[in-house]
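> Please find final23.tsv (TSV, C-alpha atoms and all ligand atoms) on the next line:
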chain	number	residue	atom	x	y	z
U	1	MET	CA	-8.47	-9.13	7.93
U	2	LEU	CA	-8.09	-5.80	9.73
U	3	TYR	CA	-4.36	-5.18	9.19
U	4	GLN	CA	-3.11	-5.31	5.65
U	5	THR	CA	0.16	-4.42	3.96
U	6	LEU	CA	0.93	-1.72	1.42
U	7	LYS	CA	1.12	-4.44	-1.21
U	8	GLU	CA	-2.45	-5.50	-0.50
U	9	VAL	CA	-4.03	-2.05	-0.71
U	10	VAL	CA	-1.87	0.29	-2.83
U	11	PRO	CA	-1.47	-1.46	-6.23
U	12	GLN	CA	-5.22	-2.03	-6.28
U	13	ALA	CA	-5.79	1.70	-5.73
U	14	VAL	CA	-3.33	2.57	-8.52
U	15	ASN	CA	-5.21	0.24	-10.88
U	16	ASN	CA	-8.39	2.17	-10.03
U	17	CYS	CA	-6.68	5.56	-10.66
U	18	SER	CA	-6.87	6.35	-6.97
U	19	ALA	CA	-4.51	6.40	-3.99
U	20	VAL	CA	-4.57	5.34	-0.35
U	21	PRO	CA	-3.98	8.17	2.12
U	22	GLN	CA	-1.53	7.89	4.98
U	23	PHE	CA	-2.87	9.83	7.95
U	24	ASN	CA	-0.22	10.42	10.59
U	25	ILE	CA	-1.28	10.17	14.21
U	26	ASN	CA	-0.25	12.65	16.88
U	27	GLY	CA	-2.50	11.52	19.72
U	28	TYR	CA	-5.67	9.68	20.68
U	29	SER	CA	-8.01	12.05	18.79
U	30	TRP	CA	-6.21	11.30	15.51
U	31	ILE	CA	-6.73	7.56	16.00
U	32	GLU	CA	-10.41	8.03	16.86
U	33	ALA	CA	-10.83	10.21	13.77
U	34	ILE	CA	-9.29	7.45	11.62
U	35	MET	CA	-11.59	4.80	13.10
U	36	GLU	CA	-14.70	6.89	12.51
U	37	THR	CA	-13.61	7.82	8.98
U	38	ALA	CA	-12.75	4.20	8.09
U	39	ASN	CA	-16.14	3.08	9.37
U	40	GLN	CA	-18.08	5.78	7.62
U	41	TYR	CA	-16.52	5.33	4.20
U	42	LYS	CA	-15.32	1.70	4.29
U	43	VAL	CA	-12.01	2.56	2.64
U	44	PRO	CA	-8.45	1.44	3.37
U	45	ILE	CA	-6.40	3.86	5.48
U	46	ILE	CA	-2.68	3.84	6.25
U	47	ILE	CA	-2.02	4.86	9.86
U	48	GLY	CA	1.35	6.63	9.88
U	49	VAL	CA	3.47	6.83	13.02
U	50	THR	CA	6.67	8.81	12.58
U	51	ASP	CA	9.74	7.26	14.14
U	52	ARG	CA	10.27	10.36	16.31
U	53	ASN	CA	6.71	10.11	17.66
U	54	VAL	CA	6.80	6.46	18.71
U	55	GLU	CA	8.08	6.96	22.25
U	56	ARG	CA	5.84	9.97	22.85
U	57	LEU	CA	2.83	7.87	21.87
U	58	GLY	CA	3.80	5.01	24.22
U	59	GLY	CA	6.07	2.74	22.15
U	60	TYR	CA	5.50	0.29	19.29
U	61	ARG	CA	3.58	-2.33	21.25
U	62	PHE	CA	1.39	0.18	23.04
U	63	ILE	CA	0.45	1.81	19.73
U	64	ARG	CA	-0.39	-1.52	18.11
U	65	GLU	CA	-2.46	-2.64	21.11
U	66	LEU	CA	-4.26	0.69	21.40
U	67	ILE	CA	-5.22	0.51	17.74
U	68	ASP	CA	-6.34	-3.13	18.16
U	69	LEU	CA	-8.61	-2.12	21.05
U	70	LEU	CA	-10.05	0.91	19.30
U	71	ALA	CA	-10.62	-0.93	16.03
U	72	ASN	CA	-12.46	-3.57	18.01
U	73	ARG	CA	-14.50	-1.01	19.91
U	74	TYR	CA	-15.44	0.82	16.70
U	75	ASP	CA	-15.98	-2.50	14.91
U	76	VAL	CA	-13.80	-1.41	12.00
U	77	THR	CA	-14.04	-3.74	9.02
U	78	SER	CA	-12.12	-1.83	6.36
U	79	PRO	CA	-8.40	-2.58	5.97
U	80	LEU	CA	-5.87	-0.63	8.01
U	81	VAL	CA	-2.13	-0.54	7.39
U	82	LEU	CA	-0.11	0.27	10.51
U	83	HIS	CA	3.00	1.90	9.09
U	84	LEU	CA	6.22	3.26	10.62
U	85	ASP	CA	6.91	6.58	8.87
U	86	HIS	CA	10.55	7.64	8.24
U	87	GLY	CA	12.11	4.81	10.24
U	88	GLN	CA	15.55	6.13	11.11
U	89	SER	CA	17.27	2.87	12.03
U	90	ILE	CA	17.23	-0.80	11.11
U	91	LYS	CA	16.69	-1.59	14.80
U	92	GLY	CA	13.63	0.68	14.98
U	93	CYS	CA	12.12	-0.92	11.85
U	94	LYS	CA	12.66	-4.40	13.30
U	95	SER	CA	11.06	-3.35	16.61
U	96	ALA	CA	8.02	-2.01	14.77
U	97	ILE	CA	7.72	-5.26	12.81
U	98	ASP	CA	8.08	-7.36	15.98
U	99	ALA	CA	5.37	-5.28	17.65
U	100	GLY	CA	2.91	-5.97	14.82
U	101	PHE	CA	3.22	-3.04	12.44
U	102	SER	CA	2.17	-4.32	9.00
U	103	SER	CA	4.48	-1.95	7.13
U	104	VAL	CA	7.61	0.12	7.68
U	105	MET	CA	9.49	2.86	5.91
U	106	PHE	CA	13.24	2.82	6.21
U	107	ASP	CA	14.49	6.33	5.47
U	108	GLY	CA	18.11	6.07	4.50
U	109	SER	CA	17.92	9.14	2.31
U	110	SER	CA	20.61	10.98	4.28
U	111	LEU	CA	23.09	8.13	3.66
U	112	PRO	CA	25.29	7.71	0.58
U	113	ILE	CA	23.23	5.71	-1.94
U	114	GLU	CA	25.10	2.41	-1.58
U	115	GLU	CA	24.73	2.58	2.23
U	116	ASN	CA	21.05	3.43	1.82
U	117	ILE	CA	20.70	0.37	-0.43
U	118	ALA	CA	22.55	-1.96	1.97
U	119	SER	CA	20.51	-0.85	5.01
U	120	THR	CA	17.18	-0.84	3.17
U	121	LYS	CA	17.95	-4.34	1.87
U	122	GLU	CA	18.47	-5.60	5.41
U	123	VAL	CA	15.12	-4.14	6.49
U	124	VAL	CA	13.41	-5.67	3.42
U	125	ALA	CA	14.85	-9.14	4.16
U	126	TYR	CA	13.58	-9.03	7.76
U	127	ALA	CA	10.22	-7.46	6.86
U	128	HIS	CA	9.44	-9.81	3.98
U	129	SER	CA	10.27	-12.85	6.12
U	130	LYS	CA	7.43	-11.67	8.42
U	131	GLY	CA	4.99	-10.70	5.66
U	132	VAL	CA	5.52	-6.95	6.22
U	133	THR	CA	5.98	-4.39	3.43
U	134	VAL	CA	8.74	-1.78	3.12
U	135	GLU	CA	8.85	1.73	1.69
U	136	GLY	CA	12.26	3.17	0.80
U	137	GLU	CA	13.35	6.72	0.05
U	138	ILE	CA	15.79	8.26	-2.39
U	139	GLY	CA	16.76	11.89	-2.81
U	140	GLY	CA	15.81	13.98	0.20
U	141	ILE	CA	12.29	15.24	0.98
U	142	GLY	CA	12.92	18.56	2.66
U	143	GLY	CA	10.83	20.74	4.94
U	144	VAL	CA	9.92	20.43	8.62
U	145	GLU	CA	8.71	17.26	10.32
U	146	ASP	CA	8.52	16.71	14.09
U	147	GLY	CA	10.65	19.81	14.51
U	148	VAL	CA	13.43	18.49	12.23
U	149	VAL	CA	14.33	20.77	9.29
U	150	GLY	CA	15.82	19.40	6.06
U	151	GLY	CA	16.67	20.68	2.58
U	152	ILE	CA	15.32	19.11	-0.62
U	153	LYS	CA	17.54	16.91	-2.75
U	154	PHE	CA	15.88	15.84	-6.02
U	155	ALA	CA	15.72	12.13	-6.82
U	156	ASP	CA	17.25	10.70	-9.98
U	157	VAL	CA	15.40	8.13	-12.14
U	158	ASP	CA	18.37	5.84	-12.85
U	159	GLU	CA	19.29	5.85	-9.17
U	160	GLY	CA	15.64	4.99	-8.36
U	161	ILE	CA	15.60	2.02	-10.76
U	162	HIS	CA	18.90	0.75	-9.29
U	163	PHE	CA	17.62	1.24	-5.71
U	164	VAL	CA	14.37	-0.67	-6.32
U	165	LYS	CA	16.14	-3.53	-8.13
U	166	GLU	CA	18.79	-3.93	-5.43
U	167	THR	CA	16.61	-3.53	-2.34
U	168	GLY	CA	13.31	-5.16	-3.36
U	169	VAL	CA	11.25	-2.42	-1.68
U	170	ASP	CA	7.49	-2.54	-2.17
U	171	LEU	CA	7.00	1.21	-2.59
U	172	LEU	CA	9.35	4.05	-3.40
U	173	ALA	CA	9.31	7.61	-2.06
U	174	ALA	CA	11.33	9.84	-4.36
U	175	ALA	CA	11.94	13.51	-3.59
U	176	LEU	CA	10.38	15.35	-6.52
U	177	GLY	CA	9.59	18.77	-5.11
U	178	SER	CA	7.13	18.11	-2.28
U	179	VAL	CA	8.23	19.01	1.26
U	180	HIS	CA	7.02	18.26	4.77
U	181	GLY	CA	5.28	20.98	6.78
U	182	GLU	CA	3.85	24.22	5.41
U	183	TYR	CA	5.03	25.37	1.97
U	184	GLN	CA	6.95	28.62	1.65
U	185	GLY	CA	5.45	29.75	-1.69
U	186	GLU	CA	3.83	27.43	-4.23
U	187	PRO	CA	4.75	23.73	-4.35
U	188	ASP	CA	6.79	22.99	-7.47
U	189	LEU	CA	6.44	19.29	-8.28
U	190	GLN	CA	8.69	17.88	-11.01
U	191	PHE	CA	6.06	16.14	-13.15
U	192	ASP	CA	8.46	15.34	-16.00
U	193	ILE	CA	10.62	13.29	-13.60
U	194	MET	CA	7.47	11.75	-12.05
U	195	ASP	CA	6.38	10.68	-15.51
U	196	ALA	CA	9.78	9.11	-16.17
U	197	PHE	CA	9.65	7.28	-12.81
U	198	SER	CA	6.14	5.96	-13.49
U	199	GLN	CA	7.23	4.59	-16.86
U	200	SER	CA	10.36	2.94	-15.45
U	201	LEU	CA	9.11	1.36	-12.21
U	202	GLU	CA	6.75	-1.52	-11.67
U	203	ILE	CA	6.03	-0.60	-8.06
U	204	PRO	CA	3.83	2.31	-6.90
U	205	MET	CA	5.34	5.51	-5.57
U	206	VAL	CA	4.69	7.52	-2.42
U	207	LEU	CA	4.05	11.25	-2.25
U	208	HIS	CA	5.33	12.74	1.00
U	209	GLY	CA	4.55	16.32	1.97
U	210	ALA	CA	1.07	16.28	0.41
U	211	SER	CA	-0.40	18.90	2.77
U	212	GLY	CA	-0.82	22.14	0.85
U	213	ILE	CA	-0.58	20.57	-2.62
U	214	SER	CA	-3.42	21.64	-4.94
U	215	GLU	CA	-6.14	19.25	-6.08
U	216	SER	CA	-4.92	19.33	-9.70
U	217	ASP	CA	-1.30	18.60	-8.71
U	218	LEU	CA	-2.36	15.74	-6.45
U	219	LYS	CA	-4.48	14.21	-9.21
U	220	LYS	CA	-1.55	14.53	-11.60
U	221	ALA	CA	0.76	12.80	-9.09
U	222	ILE	CA	-1.83	10.02	-8.70
U	223	SER	CA	-1.91	9.61	-12.50
U	224	PHE	CA	1.88	9.08	-12.29
U	225	HIS	CA	1.40	6.05	-9.98
U	226	HIS	CA	1.67	7.77	-6.62
U	227	GLY	CA	-0.57	5.26	-4.86
U	228	LYS	CA	0.19	6.35	-1.29
U	229	ILE	CA	-0.22	9.99	-0.33
U	230	ASN	CA	1.00	11.20	3.08
U	231	PHE	CA	-0.84	13.81	5.16
U	232	ASN	CA	0.21	15.11	8.54
U	233	THR	CA	0.45	18.91	8.65
U	234	GLU	CA	-3.06	19.63	7.35
U	235	LEU	CA	-4.61	17.24	9.89
U	236	ASN	CA	-2.79	19.13	12.65
U	237	ILE	CA	-3.87	22.49	11.23
U	238	GLY	CA	-7.49	21.22	11.07
U	239	TRP	CA	-7.23	20.16	14.73
U	240	ALA	CA	-5.64	23.45	15.84
U	241	CYS	CA	-8.00	25.70	13.90
U	242	THR	CA	-11.15	24.07	15.28
U	243	VAL	CA	-9.81	24.47	18.83
U	244	LYS	CA	-8.88	28.12	18.22
U	245	ASP	CA	-12.30	28.88	16.67
U	246	LEU	CA	-14.05	27.18	19.57
U	247	PHE	CA	-12.24	29.34	22.14
U	248	VAL	CA	-12.95	32.49	20.14
U	249	GLU	CA	-16.66	31.63	20.21
U	250	TYR	CA	-16.69	30.38	23.83
U	251	PRO	CA	-13.79	32.06	25.68
U	252	ASN	CA	-14.81	30.55	29.03
U	253	LEU	CA	-15.13	26.99	27.77
U	254	TYR	CA	-13.22	24.31	29.68
U	255	ASP	CA	-15.27	21.13	29.21
U	256	PRO	CA	-12.76	18.59	27.78
U	257	LYS	CA	-15.57	16.53	26.23
U	258	VAL	CA	-16.61	19.47	24.03
U	259	ILE	CA	-13.05	20.54	23.21
U	260	LEU	CA	-11.82	17.03	22.36
U	261	ASN	CA	-14.90	16.11	20.37
U	262	THR	CA	-14.79	19.32	18.36
U	263	SER	CA	-11.07	18.99	17.61
U	264	LYS	CA	-11.53	15.34	16.57
U	265	ASN	CA	-14.23	16.50	14.15
U	266	GLY	CA	-11.78	19.08	12.78
U	267	ILE	CA	-9.35	16.25	11.98
U	268	LYS	CA	-12.14	14.17	10.44
U	269	GLN	CA	-13.19	16.97	8.12
U	270	VAL	CA	-9.65	17.14	6.71
U	271	MET	CA	-9.57	13.34	6.36
U	272	GLU	CA	-12.83	13.33	4.41
U	273	SER	CA	-11.55	16.00	2.02
U	274	LYS	CA	-8.34	13.98	1.45
U	275	LEU	CA	-10.29	10.80	0.71
U	276	LYS	CA	-12.05	12.76	-2.03
U	277	LEU	CA	-8.73	14.02	-3.43
U	278	CYS	CA	-7.42	10.43	-3.43
U	279	ASN	CA	-10.45	9.42	-5.54
U	280	LEU	CA	-11.56	6.98	-2.84
U	281	ILE	CA	-15.00	8.50	-2.19
G	1	LIG	P1	2.87	16.92	5.35
G	1	LIG	O1	3.75	17.58	6.34
G	1	LIG	O2	2.83	17.70	4.06
G	1	LIG	O3	1.50	16.64	5.84
G	1	LIG	O4	3.54	15.52	4.93
G	1	LIG	C1	3.42	14.39	5.75
G	1	LIG	C2	4.37	13.33	5.36
G	1	LIG	O5	4.86	13.27	4.26
G	1	LIG	C3	4.67	12.30	6.37
G	1	LIG	O6	5.70	11.46	5.99
What do you get writing this file as structure tokens?


Amino acid sequence: MLYQTLKEVVPQAVNNCSAVPQFNINGYSWIEAIMETANQYKVPIIIGVTDRNVERLGGYRFIRELIDLLANRYDVTSPLVLHLDHGQSIKGCKSAIDAGFSSVMFDGSSLPIEENIASTKEVVAYAHSKGVTVEGEIGGIGGVEDGVVGGIKFADVDEGIHFVKETGVDLLAAALGSVHGEYQGEPDLQFDIMDAFSQSLEIPMVLHGASGISESDLKKAISFHHGKINFNTELNIGWACTVKDLFVEYPNLYDPKVILNTSKNGIKQVMESKLKLCNLI
């Protein structure tokens, strides 16, 4: 089956000491790059759509139908998870589920913990009744995403155990030092807390803000049961750099076919390197 859930692909990856990448989409070229990469390597890929990008990309149903059509056109046979990233509201998560997303994240990290638990629980009840998986977040992953800036708030292990038990989420994102967007200085991941989380939880964890994290740190995070690793910024940098380089080499170029194809290949190159880091190829 083309669409799978996080539960179907991530625990298996963790058992194989690997992780499944989430590649966020920002336009048609990102989706094409995912289809070509999935076909070339026959690996599972999580397609991430941030809540704030849904309308810009055409809405939940449009996104699902576009991916259906492209997967059919590319004859994709490897599993895809269509996942709402940082869902900001219960309503938005339900709309994504109703439109055919196979997974959602409810991000209640800005709420007081008991409110985060109550809201996440409601999303889990709805999602699980439709066979859809849910990722929850505790602490606060800082940085910049879709133009929104946030500070980091470290997650606490006991709070994480309580959150997972009460909500029944399938995966947990805990803020442990990674941030969205480009890092100011070196990333400083809290591996001692990661270790404690991995020993206390039976579900896999999610690493947000993976762009810019070194190979050794990513492998260490994977060894501490981070079975889903999220990439957005580096894909966008790959896209932008190939376009800039192309215009430096051919300042008079205007053929969209060349520009779009080259920028899609820039995204694909980053995807391939991330599949290697995730131990999938
Ligand atoms: P980056 O900004 O580091 O690529 O992180 C993406 C992410 O975590 C999406 O949720």

> Quick one: residues within 10 Å of His208 (chain U), only C-alpha atoms, excluding same-chain residues fewer than 5 positions away - as a list in words?

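Selected residues are Gln22, Ile141, Gly142, Ala173, Ala174, Ala175, Leu176, Gly177, Ser178, Val179, His180, His226, Lys228, Ile229, Asn230, Phe231 and Asn232 of chain U.
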
> Show me the residues close to (-9.7, 0.1, 8.5) - anything with an atom within 7 Å, counting only C-alpha atoms - and format the list as a list in words.

Leu2, Met35, Ala38, Val43, Pro44, Ile45, Val76, Thr77, Ser78, Pro79 and Leu80 of chain U

> Could you write out that same residue set with C-alpha atoms as an mmCIF file, in the frame of the given file?


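And here is the file that came out, part.cif:
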data_model
loop_
_atom_site.group_PDB
_atom_site.id
_atom_site.type_symbol
_atom_site.label_atom_id
_atom_site.label_comp_id
_atom_site.auth_asym_id
_atom_site.auth_seq_id
_atom_site.Cartn_x
_atom_site.Cartn_y
_atom_site.Cartn_z
ATOM 1 C CA LEU U 2 -8.090 -5.800 9.730
ATOM 2 C CA MET U 35 -11.590 4.800 13.100
ATOM 3 C CA ALA U 38 -12.750 4.200 8.090
ATOM 4 C CA VAL U 43 -12.010 2.560 2.640
ATOM 5 C CA PRO U 44 -8.450 1.440 3.370
ATOM 6 C CA ILE U 45 -6.400 3.860 5.480
ATOM 7 C CA VAL U 76 -13.800 -1.410 12.000
ATOM 8 C CA THR U 77 -14.040 -3.740 9.020
ATOM 9 C CA SER U 78 -12.120 -1.830 6.360
ATOM 10 C CA PRO U 79 -8.400 -2.580 5.970
ATOM 11 C CA LEU U 80 -5.870 -0.630 8.010
#

> Please find the residues contacting ligand LIG 1 (chain G) at a distance of at most 9 Å between atoms, with all atoms listed in the file counted, and report them as a count of residues only.

34

> Using all atoms listed in the file, can you list as a PyMOL selection string the residues within 12 Å of (-8.6, 15.7, 11.6)?

chain U and resi 23-37+231-243+260-274

> For Tyr126 (chain U), which residue out of U:Ser103, U:Ser109, U:Gln88, U:Gln40 is the nearest one, using only C-alpha atoms?

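Counting only C-alpha atoms, the residue closest to Tyr126 (chain U) is U:Ser103.
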
> Quick check, in Å to one decimal: how far apart do CA of Glu166 (chain U) and CA of Lys94 (chain U) lie?

19.7 Å
